[in-house]
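As stored in start_3.cif (mmCIF, C-alpha atoms):
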```cif
data_coords
#
loop_
_atom_site.label_atom_id
_atom_site.label_comp_id
_atom_site.auth_asym_id
_atom_site.auth_seq_id
_atom_site.Cartn_x
_atom_site.Cartn_y
_atom_site.Cartn_z
CA MET F 265 9.78 70.02 8.81
CA GLN F 266 11.53 68.78 5.70
CA SER F 267 13.50 65.54 6.08
CA LYS F 268 17.30 65.59 5.86
CA LEU F 269 17.24 62.29 3.95
CA GLY F 270 20.37 62.10 1.79
CA LEU F 271 22.01 59.84 -0.79
CA SER F 272 24.01 57.95 1.84
CA ASP F 273 20.78 57.30 3.77
CA LEU F 274 19.13 55.86 0.66
CA GLU F 275 22.19 53.71 0.00
CA LEU F 276 21.95 52.34 3.54
CA LEU F 277 18.22 51.72 3.12
CA LEU F 278 18.85 49.62 0.00
CA ALA F 279 21.65 47.71 1.71
CA VAL F 280 19.40 46.72 4.62
CA ILE F 281 16.57 45.67 2.28
CA ARG F 282 18.92 43.61 0.12
CA GLY F 283 21.03 42.27 2.98
CA ARG F 284 17.94 41.47 5.08
CA THR F 285 20.00 41.60 8.30
CA LEU F 286 22.36 44.05 9.97
CA ASN F 287 25.32 41.81 9.11
CA GLY F 288 24.14 41.44 5.53
CA ALA F 289 23.83 45.20 5.13
CA ALA F 290 27.18 45.78 6.85
CA GLU F 291 28.93 43.44 4.40
CA ARG F 292 27.47 45.32 1.45
CA LEU F 293 28.45 48.72 2.86
CA LYS F 294 31.80 47.56 4.31
CA LEU F 295 30.80 48.87 7.73
CA ASP F 296 30.27 47.21 11.08
CA SER F 297 26.76 46.17 12.10
CA SER F 298 26.60 48.59 15.03
CA THR F 299 27.16 51.52 12.66
CA VAL F 300 24.36 50.26 10.45
CA PHE F 301 22.06 49.92 13.46
CA ARG F 302 22.76 53.47 14.66
CA SER F 303 22.24 54.82 11.14
CA ILE F 304 18.84 53.15 10.84
CA LYS F 305 17.77 54.61 14.19
CA ARG F 306 18.96 58.08 13.14
CA ILE F 307 17.08 57.98 9.83
CA GLU F 308 13.90 56.70 11.49
CA GLN F 309 14.09 59.47 14.12
CA ASP F 310 14.61 62.05 11.39
CA LEU F 311 11.60 60.78 9.46
CA GLY F 312 9.45 60.11 12.50
CA GLU F 313 8.50 56.76 10.99
CA ARG F 314 9.69 53.17 11.24
CA LEU F 315 11.48 51.84 8.19
CA PHE F 316 11.98 48.25 9.33
CA GLU F 317 10.20 45.73 11.51
CA ARG F 318 12.63 43.55 13.48
CA SER F 319 11.85 39.82 13.36
CA LYS F 320 13.51 36.42 13.57
CA GLN F 321 13.79 36.52 9.77
CA GLY F 322 15.74 39.79 9.90
CA TYR F 323 14.81 43.36 9.08
CA LEU F 324 11.53 43.51 7.17
CA ALA F 325 10.94 46.70 5.17
CA THR F 326 7.82 48.73 5.97
CA GLU F 327 5.62 50.21 3.25
CA LEU F 328 7.46 53.52 3.59
CA ALA F 329 10.86 51.83 3.21
CA LEU F 330 9.71 50.06 0.06
CA LYS F 331 8.45 53.35 -1.42
CA LEU F 332 11.76 55.03 -0.64
CA ALA F 333 13.61 52.06 -2.14
CA VAL F 334 11.96 52.70 -5.51
CA HIS F 335 13.46 56.21 -5.55
CA ALA F 336 16.79 54.91 -4.25
CA GLU F 337 17.05 52.30 -7.00
CA ARG F 338 16.22 54.90 -9.63
CA ILE F 339 19.01 57.14 -8.33
CA GLU F 340 21.38 54.18 -8.11
CA SER F 341 20.64 53.23 -11.71
CA GLN F 342 21.13 56.79 -12.96
CA LEU F 343 24.40 57.03 -11.07
CA GLN F 344 25.62 53.78 -12.61
CA GLU F 345 24.66 55.07 -16.04
CA ALA F 346 26.51 58.35 -15.41
CA ARG F 347 29.64 56.45 -14.36
CA GLU F 348 29.50 54.29 -17.45
CA THR F 349 28.98 57.31 -19.69
CA ALA F 350 31.98 58.99 -18.10
CA TYR F 351 34.14 55.92 -18.41
CA SER F 352 33.08 54.87 -21.92
CA THR F 353 34.65 57.98 -23.40
CA ALA F 354 38.02 57.07 -21.99
CA GLY F 355 38.38 53.33 -21.69
CA GLU F 356 37.05 49.78 -21.70
CA PRO F 357 33.76 48.50 -20.22
CA SER F 358 34.28 47.79 -16.53
CA GLY F 359 32.55 46.97 -13.26
CA VAL F 360 31.14 43.94 -11.47
CA LEU F 361 28.55 41.80 -13.29
CA ARG F 362 26.64 39.37 -11.07
CA ILE F 363 25.14 36.44 -13.00
CA THR F 364 22.76 33.93 -11.43
CA THR F 365 21.74 30.63 -13.00
CA THR F 366 21.33 26.95 -12.09
CA ASP F 367 24.36 24.72 -11.63
CA THR F 368 23.17 22.74 -14.68
CA ILE F 369 23.18 25.74 -17.01
CA LEU F 370 26.36 27.11 -15.44
CA HIS F 371 28.36 23.92 -16.04
CA GLY F 372 26.69 22.79 -19.26
CA LEU F 373 26.30 26.05 -21.19
CA LEU F 374 27.89 29.08 -19.54
CA LEU F 375 31.32 27.93 -18.34
CA PRO F 376 32.39 26.42 -21.69
CA LEU F 377 32.20 29.86 -23.33
CA ILE F 378 32.33 32.54 -20.61
CA ASP F 379 36.12 32.73 -20.95
CA GLN F 380 35.56 34.31 -24.39
CA PHE F 381 33.58 37.09 -22.73
CA ALA F 382 36.20 37.50 -20.00
CA ILE F 383 39.01 37.77 -22.55
CA ALA F 384 37.07 40.29 -24.66
CA TYR F 385 36.25 42.47 -21.62
CA PRO F 386 39.08 42.06 -19.09
CA ARG F 387 37.90 44.95 -16.88
CA ILE F 388 34.48 43.40 -16.25
CA ASP F 389 34.61 41.29 -13.08
CA LEU F 390 32.19 38.35 -13.04
CA GLU F 391 30.39 36.90 -10.03
CA LEU F 392 28.72 33.58 -10.86
CA ILE F 393 25.91 32.49 -8.53
CA ALA F 394 24.61 28.92 -8.95
CA THR F 395 21.20 28.39 -7.36
CA ASN F 396 17.85 26.83 -8.22
CA THR F 397 16.10 29.86 -6.73
CA LEU F 398 15.43 32.83 -9.01
CA ALA F 399 17.35 35.72 -7.46
CA ASP F 400 15.43 38.88 -6.69
CA LEU F 401 16.78 41.14 -9.43
CA SER F 402 14.73 44.00 -8.03
CA ARG F 403 16.89 43.88 -4.90
CA ARG F 404 20.09 43.45 -6.92
CA ASP F 405 20.80 40.00 -5.56
CA ALA F 406 22.18 39.63 -9.08
CA ASP F 407 22.32 41.77 -12.21
CA VAL F 408 21.43 39.10 -14.75
CA ALA F 409 19.57 35.78 -14.50
CA ILE F 410 19.88 32.97 -17.03
CA ARG F 411 16.90 30.68 -16.58
CA ALA F 412 14.97 27.89 -18.26
CA THR F 413 11.32 28.95 -18.24
CA ARG F 414 8.29 28.93 -20.48
CA LYS F 415 7.01 32.16 -18.94
CA PRO F 416 9.61 34.66 -17.72
CA PRO F 417 8.49 37.12 -14.99
CA GLU F 418 6.64 40.08 -16.47
CA HIS F 419 8.54 42.64 -14.38
CA LEU F 420 11.84 41.64 -16.01
CA VAL F 421 13.14 42.27 -19.52
CA GLY F 422 14.99 39.63 -21.44
CA THR F 423 16.06 37.81 -24.56
CA ARG F 424 15.20 34.24 -25.53
CA LEU F 425 18.43 32.31 -26.15
CA GLY F 426 16.98 29.07 -27.49
CA THR F 427 15.13 25.88 -26.51
CA ILE F 428 16.32 23.29 -24.01
CA SER F 429 15.29 19.74 -24.92
CA ALA F 430 15.45 16.60 -22.79
CA ALA F 431 15.36 12.84 -23.30
CA VAL F 432 15.55 9.64 -21.29
CA TYR F 433 19.20 8.55 -21.38
CA ALA F 434 21.27 5.58 -20.28
CA SER F 435 24.97 4.84 -20.50
CA ARG F 436 26.29 2.17 -22.82
CA SER F 437 27.73 0.27 -19.87
CA PHE F 438 24.30 0.14 -18.23
CA LEU F 439 22.61 -0.98 -21.47
CA GLN F 440 25.18 -3.74 -22.01
CA ARG F 441 24.30 -5.40 -18.71
CA THR F 442 20.63 -4.38 -18.50
CA PRO F 443 18.55 -4.84 -21.66
CA VAL F 444 15.86 -2.18 -21.90
CA PRO F 445 12.40 -3.73 -21.44
CA VAL F 446 9.41 -2.77 -23.55
CA GLU F 447 7.96 -1.04 -20.50
CA LEU F 448 10.47 1.50 -19.20
CA GLY F 449 8.83 1.46 -15.79
CA GLU F 450 10.42 -1.93 -15.15
CA ILE F 451 14.02 -0.69 -15.20
CA ASP F 452 16.21 1.14 -12.65
CA TRP F 453 15.35 4.85 -12.71
CA ILE F 454 17.18 7.90 -11.39
CA ALA F 455 14.99 10.91 -10.60
CA LEU F 456 15.01 14.21 -8.75
CA ASP F 457 13.95 14.23 -5.12
CA GLU F 458 11.02 16.02 -3.54
CA SER F 459 13.00 19.24 -3.04
CA LEU F 460 12.38 19.72 -6.78
CA ALA F 461 8.85 18.28 -6.81
CA ASP F 462 7.62 20.82 -9.39
CA HIS F 463 10.39 20.13 -11.87
CA PRO F 464 8.95 19.33 -15.35
CA SER F 465 10.79 15.99 -15.53
CA LEU F 466 9.07 14.75 -12.36
CA LYS F 467 5.68 15.90 -13.63
CA TRP F 468 6.36 14.00 -16.86
CA GLN F 469 7.35 10.86 -14.95
CA ARG F 470 4.27 11.00 -12.74
CA ALA F 471 2.04 11.41 -15.82
CA HIS F 472 3.58 8.62 -17.88
CA TYR F 473 4.79 6.22 -15.17
CA PRO F 474 2.54 6.77 -12.13
CA LYS F 475 3.63 3.49 -10.50
CA LEU F 476 7.33 4.02 -11.14
CA ALA F 477 9.56 2.80 -8.29
CA VAL F 478 12.57 5.12 -8.46
CA ARG F 479 15.75 3.46 -7.21
CA TYR F 480 17.99 6.55 -6.97
CA ARG F 481 17.11 10.17 -6.20
CA CYS F 482 19.20 13.34 -6.49
CA ASN F 483 18.70 16.95 -5.46
CA SER F 484 20.08 18.44 -8.68
CA VAL F 485 19.89 17.79 -12.41
CA LEU F 486 23.67 17.84 -12.59
CA SER F 487 23.94 15.05 -10.01
CA LEU F 488 21.23 13.03 -11.74
CA THR F 489 23.11 13.32 -15.02
CA GLY F 490 26.30 12.10 -13.33
CA CYS F 491 24.46 9.05 -12.00
CA VAL F 492 23.20 8.22 -15.50
CA ILE F 493 26.68 8.70 -17.01
CA HIS F 494 28.16 6.31 -14.45
CA GLY F 495 25.66 3.58 -15.25
CA LEU F 496 23.28 3.54 -12.30
CA GLY F 497 20.15 3.56 -14.44
CA VAL F 498 18.05 5.65 -16.81
CA GLY F 499 16.92 9.22 -16.24
CA VAL F 500 15.60 12.36 -17.88
CA VAL F 501 18.59 14.48 -18.85
CA PRO F 502 18.88 17.84 -20.67
CA MET F 503 20.36 17.00 -24.05
CA PHE F 504 22.93 19.82 -23.99
CA LEU F 505 24.63 18.23 -20.97
CA VAL F 506 25.53 14.99 -22.78
CA ARG F 507 25.44 15.81 -26.48
CA ASN F 508 29.22 15.34 -26.79
CA ASN F 509 29.41 12.22 -24.63
CA PRO F 510 29.82 9.12 -26.85
CA GLU F 511 28.95 6.81 -23.94
CA MET F 512 25.40 8.13 -23.61
CA GLU F 513 22.42 6.84 -25.60
CA ILE F 514 18.84 8.02 -25.87
CA VAL F 515 16.40 5.41 -24.60
CA LYS F 516 13.29 7.50 -25.19
CA GLY F 517 12.87 10.93 -26.74
CA PRO F 518 13.53 13.73 -27.32
CA LEU F 519 10.54 14.50 -25.10
CA LYS F 520 8.77 17.44 -26.75
CA GLU F 521 6.58 17.90 -23.69
CA LEU F 522 9.66 19.00 -21.77
CA ASP F 523 10.93 21.59 -24.26
CA THR F 524 11.67 24.78 -22.32
CA ASP F 525 12.94 28.18 -23.43
CA LEU F 526 16.22 29.55 -22.09
CA TRP F 527 16.14 33.26 -21.22
CA ILE F 528 18.62 35.88 -20.14
CA LEU F 529 16.80 38.35 -17.87
CA ALA F 530 17.52 41.67 -16.16
CA HIS F 531 15.66 44.35 -14.26
CA PRO F 532 14.53 47.21 -16.56
CA ASP F 533 16.44 49.74 -14.45
CA ILE F 534 19.83 48.24 -15.35
CA ARG F 535 19.16 46.71 -18.77
CA HIS F 536 20.80 49.75 -20.39
CA LEU F 537 24.12 49.35 -18.53
CA GLN F 538 26.96 48.67 -20.91
CA ARG F 539 28.25 45.50 -19.25
CA VAL F 540 24.71 44.07 -19.10
CA LYS F 541 24.06 44.85 -22.77
CA LEU F 542 27.41 43.30 -23.71
CA LEU F 543 26.53 40.03 -21.96
CA PHE F 544 23.08 39.98 -23.57
CA ASP F 545 24.61 40.42 -27.03
CA PHE F 546 27.43 37.95 -26.36
CA LEU F 547 25.15 35.11 -25.29
CA LYS F 548 22.62 35.83 -28.03
CA ASN F 549 25.35 35.54 -30.68
CA THR F 550 27.48 32.80 -29.10
CA LEU F 551 25.36 30.37 -27.10
CA VAL F 552 24.31 27.20 -28.89
CA ILE F 553 21.95 24.82 -27.07
#
```

Go through the file and emit its structure as structure tokens.
Amino acid sequence: MQSKLGLSDLELLLAVIRGRTLNGAAERLKLDSSTVFRSIKRIEQDLGERLFERSKQGYLATELALKLAVHAERIESQLQEARETAYSTAGEPSGVLRITTTDTILHGLLLPLIDQFAIAYPRIDLELIATNTLADLSRRDADVAIRATRKPPEHLVGTRLGTISAAVYASRSFLQRTPVPVELGEIDWIALDESLADHPSLKWQRAHYPKLAVRYRCNSVLSLTGCVIHGLGVGVVPMFLVRNNPEMEIVKGPLKELDTDLWILAHPDIRHLQRVKLLFDFLKNTLVI
């Protein structure tokens, strides 16, 4: 018998995959979790197949659910495009645009100019998500990712916005009371902690100063930069974060080994959406690193 699978069923399927739990799906659909649970059971009974495996980590999609999700996302994308086509003939660009990036890029590059975008497009609502983890754009955890990377994921499309450079900095107050020795390893250092063990700055430090005794550690680049600004020691800092701070001085660098490209990325299925294209064009023409 032919399945009665409908658009609302596919929407629910995507919500469970993206929300990962009943509560997560319910929040996305603005339903209660019991309704979501009953709907999943009904769809599975109709199909005669399981769509999700229940585990401590939540609802894990089966192979069938993932195959159906591909069709659901295609329909979702086409529906979004149809809505934008309908609206573009009568008014301004609109809708929610979810942007994910790191707190460093958010505070140092995006926030100083995003108001220009908001003023130009007042009907586009922005959701800004600061995290060091690359959101799963395939699951629509976000629409657009702005990331520092030398090799962006192949399944995403994007535009290179420029190059992020870094240097070893210290504040003038720190340098006034602590003369910099010939060997930088003999001075108070601030570095990232092991939660960011693969960060390029830590790899650089391990390569050039293998016996370095770090005095202060932070779990974010933004926090590390604040420690350097307030005179706790020296540290590797992205140059865009302190380029307008007259109290900061370069002790060593710029460090060409740490040059990294900045990309704006999106899933191919939504790259054509008007609000996504507008943000791509805006940052490409406005952002200066």

Which residues, named as in the file, does the PyMOL selection byres ((chain F and resi 336) around 9) pick out? Answer as a list in words.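 When the PyMOL selection byres ((chain F and resi 336) around 9) is applied, the selected residues are Leu271, Leu274, Glu275, Leu277, Leu278, Lys331, Leu332, Ala333, Val334, His335, Glu337, Arg338, Ile339, Glu340 and Ser341 of chain F.
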
Next, the residues of the selection above should be written as a short mmCIF file (atom, residue, chain, number, x, y, z; two decimals), keeping the file's coordinate frame with C-alpha atoms.
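File written: part.cif
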```cif
data_model
loop_
_atom_site.label_atom_id
_atom_site.label_comp_id
_atom_site.auth_asym_id
_atom_site.auth_seq_id
_atom_site.Cartn_x
_atom_site.Cartn_y
_atom_site.Cartn_z
CA LEU F 271 22.01 59.84 -0.79
CA LEU F 274 19.13 55.86 0.66
CA GLU F 275 22.19 53.71 0.00
CA LEU F 277 18.22 51.72 3.12
CA LEU F 278 18.85 49.62 0.00
CA LYS F 331 8.45 53.35 -1.42
CA LEU F 332 11.76 55.03 -0.64
CA ALA F 333 13.61 52.06 -2.14
CA VAL F 334 11.96 52.70 -5.51
CA HIS F 335 13.46 56.21 -5.55
CA GLU F 337 17.05 52.30 -7.00
CA ARG F 338 16.22 54.90 -9.63
CA ILE F 339 19.01 57.14 -8.33
CA GLU F 340 21.38 54.18 -8.11
CA SER F 341 20.64 53.23 -11.71
#
```

Pairwise distance, CA of Ser484 (chain F) with CA of Leu373 (chain F), equals 15.9 Å

Minimum-distance residue to Gly359 (chain F), chosen among F:Pro532, F:Gly449, F:Leu377, F:Arg387 (using all atoms listed in the file): F:Arg387

Enumerate, as an MDAnalysis selection string, the residues matched when the PyMOL selection byres ((chain F and resi 424-432) around 8) is run on the file above. chainID F and resid 412 422:423 433:434 498:504 514:520 522:528 547:548 551:553

Near-Leu537 (chain F) list (9 Å; only C-alpha atoms; drop same-chain fewer than 5 positions) as a PDB file with C-alpha atoms, keeping the file's coordinate frame:
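Here's the written file around_1.pdb:
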```pdb
ATOM      1  CA  SER F 341      20.640  53.230 -11.710  1.00  0.00           C
ATOM      2  CA  GLN F 344      25.620  53.780 -12.610  1.00  0.00           C
ATOM      3  CA  GLU F 345      24.660  55.070 -16.040  1.00  0.00           C
ATOM      4  CA  GLU F 348      29.500  54.290 -17.450  1.00  0.00           C
ATOM      5  CA  LEU F 542      27.410  43.300 -23.710  1.00  0.00           C
TER       6      LEU F 542
END
```

Under the PyMOL selection byres ((chain F and resi 314) around 9), which residues of this model are included? Write them out as JSON, numbers by chain. {"F": [305, 307, 308, 309, 311, 312, 313, 315, 316, 317, 325, 326, 328, 329]}

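Using only C-alpha atoms, the nearest neighbour of Leu460 (chain F) within the list F:Leu496, F:Cys482, F:Ala289, F:Lys541 is F:Cys482.
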
Distance in Å - CA of Asp457 (chain F) versus CA of Thr395 (chain F):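 Interatomic distance, CA of Asp457 (chain F) to CA of Thr395 (chain F): 16.1 Å.
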
Test item: axis-aligned box, all listed atoms of region 433-439 of chain F, 8 Å on each side, centre and edges in Å rounded to one decimal, as AutoDock Vina command-line options:
```
--center_x 23.5 --center_y 3.8 --center_z -20.5 --size_x 24.5 --size_y 25.5 --size_z 20.6
```

Any idea what the distance is between CA of Arg539 (chain F) and CA of Arg282 (chain F)?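 Computed distance, CA of Arg539 (chain F) to CA of Arg282 (chain F), equals 21.6 Å.
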
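Shortest atom-to-atom contact with Val506 (chain F) among F:Gly372, F:Val408, F:Asp533, F:Ala477: F:Gly372, counting all atoms listed in the file.
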
Quick one: of F:Ala382, F:Leu476, F:Leu343, F:Leu486, who's nearest to Pro357 (chain F), counting only C-alpha atoms?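 Of F:Ala382, F:Leu476, F:Leu343, F:Leu486, the one nearest Pro357 (chain F) is F:Ala382, counting only C-alpha atoms.
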
Counting all atoms listed in the file, the residue among F:Ala409, F:Ala394, F:Leu324, F:Ala471 that lies closest to Arg535 (chain F) is F:Ala409

Identify which of the residues F:Ala530, F:Ile363, F:Leu543, F:Asn483 lies closest to His419 (chain F), counting only C-alpha atoms when measuring atom-to-atom distances.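 That would be F:Ala530, the residue with the smallest distance to His419 (chain F).
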
Repair of region 274-300 of chain F at the level of N, CA and C atoms, as a tab-separated table (two decimals), in the frame of the given file:
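For reference, rebuild02.tsv as written:
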```tsv
chain	number	residue	atom	x	y	z
F	274	LEU	N	19.82	56.74	1.61
F	274	LEU	CA	19.13	55.86	0.66
F	274	LEU	C	19.98	54.64	0.33
F	275	GLU	N	21.29	54.83	0.25
F	275	GLU	CA	22.19	53.71	0.00
F	275	GLU	C	22.11	52.71	1.16
F	276	LEU	N	22.07	53.22	2.38
F	276	LEU	CA	21.95	52.34	3.54
F	276	LEU	C	20.61	51.61	3.54
F	277	LEU	N	19.55	52.32	3.20
F	277	LEU	CA	18.22	51.72	3.12
F	277	LEU	C	18.22	50.53	2.16
F	278	LEU	N	18.79	50.71	0.98
F	278	LEU	CA	18.85	49.62	0.00
F	278	LEU	C	19.69	48.46	0.53
F	279	ALA	N	20.79	48.77	1.20
F	279	ALA	CA	21.65	47.71	1.71
F	279	ALA	C	20.94	46.85	2.75
F	280	VAL	N	20.13	47.48	3.61
F	280	VAL	CA	19.40	46.72	4.62
F	280	VAL	C	18.31	45.87	3.96
F	281	ILE	N	17.61	46.43	2.98
F	281	ILE	CA	16.57	45.67	2.28
F	281	ILE	C	17.17	44.47	1.56
F	282	ARG	N	18.30	44.68	0.89
F	282	ARG	CA	18.92	43.61	0.12
F	282	ARG	C	19.66	42.62	1.01
F	283	GLY	N	20.29	43.15	2.07
F	283	GLY	CA	21.03	42.27	2.98
F	283	GLY	C	20.16	41.53	3.96
F	284	ARG	N	18.96	42.09	4.23
F	284	ARG	CA	17.94	41.47	5.08
F	284	ARG	C	18.30	41.41	6.57
F	285	THR	N	19.56	41.56	6.90
F	285	THR	CA	20.00	41.60	8.30
F	285	THR	C	21.02	42.70	8.46
F	286	LEU	N	21.33	43.03	9.72
F	286	LEU	CA	22.36	44.05	9.97
F	286	LEU	C	23.71	43.60	9.41
F	287	ASN	N	24.04	42.32	9.62
F	287	ASN	CA	25.32	41.81	9.11
F	287	ASN	C	25.34	41.82	7.59
F	288	GLY	N	24.21	41.45	6.99
F	288	GLY	CA	24.14	41.44	5.53
F	288	GLY	C	24.32	42.83	4.95
F	289	ALA	N	23.69	43.82	5.58
F	289	ALA	CA	23.83	45.20	5.13
F	289	ALA	C	25.25	45.70	5.37
F	290	ALA	N	25.83	45.34	6.52
F	290	ALA	CA	27.18	45.78	6.85
F	290	ALA	C	28.19	45.26	5.84
F	291	GLU	N	28.02	44.01	5.40
F	291	GLU	CA	28.93	43.44	4.40
F	291	GLU	C	28.85	44.21	3.09
F	292	ARG	N	27.63	44.59	2.70
F	292	ARG	CA	27.47	45.32	1.45
F	292	ARG	C	28.08	46.72	1.53
F	293	LEU	N	27.99	47.34	2.70
F	293	LEU	CA	28.45	48.72	2.86
F	293	LEU	C	29.89	48.79	3.37
F	294	LYS	N	30.46	47.60	3.73
F	294	LYS	CA	31.80	47.56	4.31
F	294	LYS	C	31.88	48.41	5.58
F	295	LEU	N	30.87	48.22	6.42
F	295	LEU	CA	30.80	48.87	7.73
F	295	LEU	C	30.60	47.79	8.78
F	296	ASP	N	30.62	48.17	10.06
F	296	ASP	CA	30.27	47.21	11.08
F	296	ASP	C	28.78	47.31	11.38
F	297	SER	N	28.21	46.25	11.92
F	297	SER	CA	26.76	46.17	12.10
F	297	SER	C	26.25	47.22	13.09
F	298	SER	N	27.05	47.58	14.06
F	298	SER	CA	26.60	48.59	15.03
F	298	SER	C	26.43	49.95	14.37
F	299	THR	N	27.30	50.25	13.41
F	299	THR	CA	27.16	51.52	12.66
F	299	THR	C	25.88	51.51	11.83
F	300	VAL	N	25.59	50.37	11.23
F	300	VAL	CA	24.36	50.26	10.45
F	300	VAL	C	23.14	50.44	11.35
```
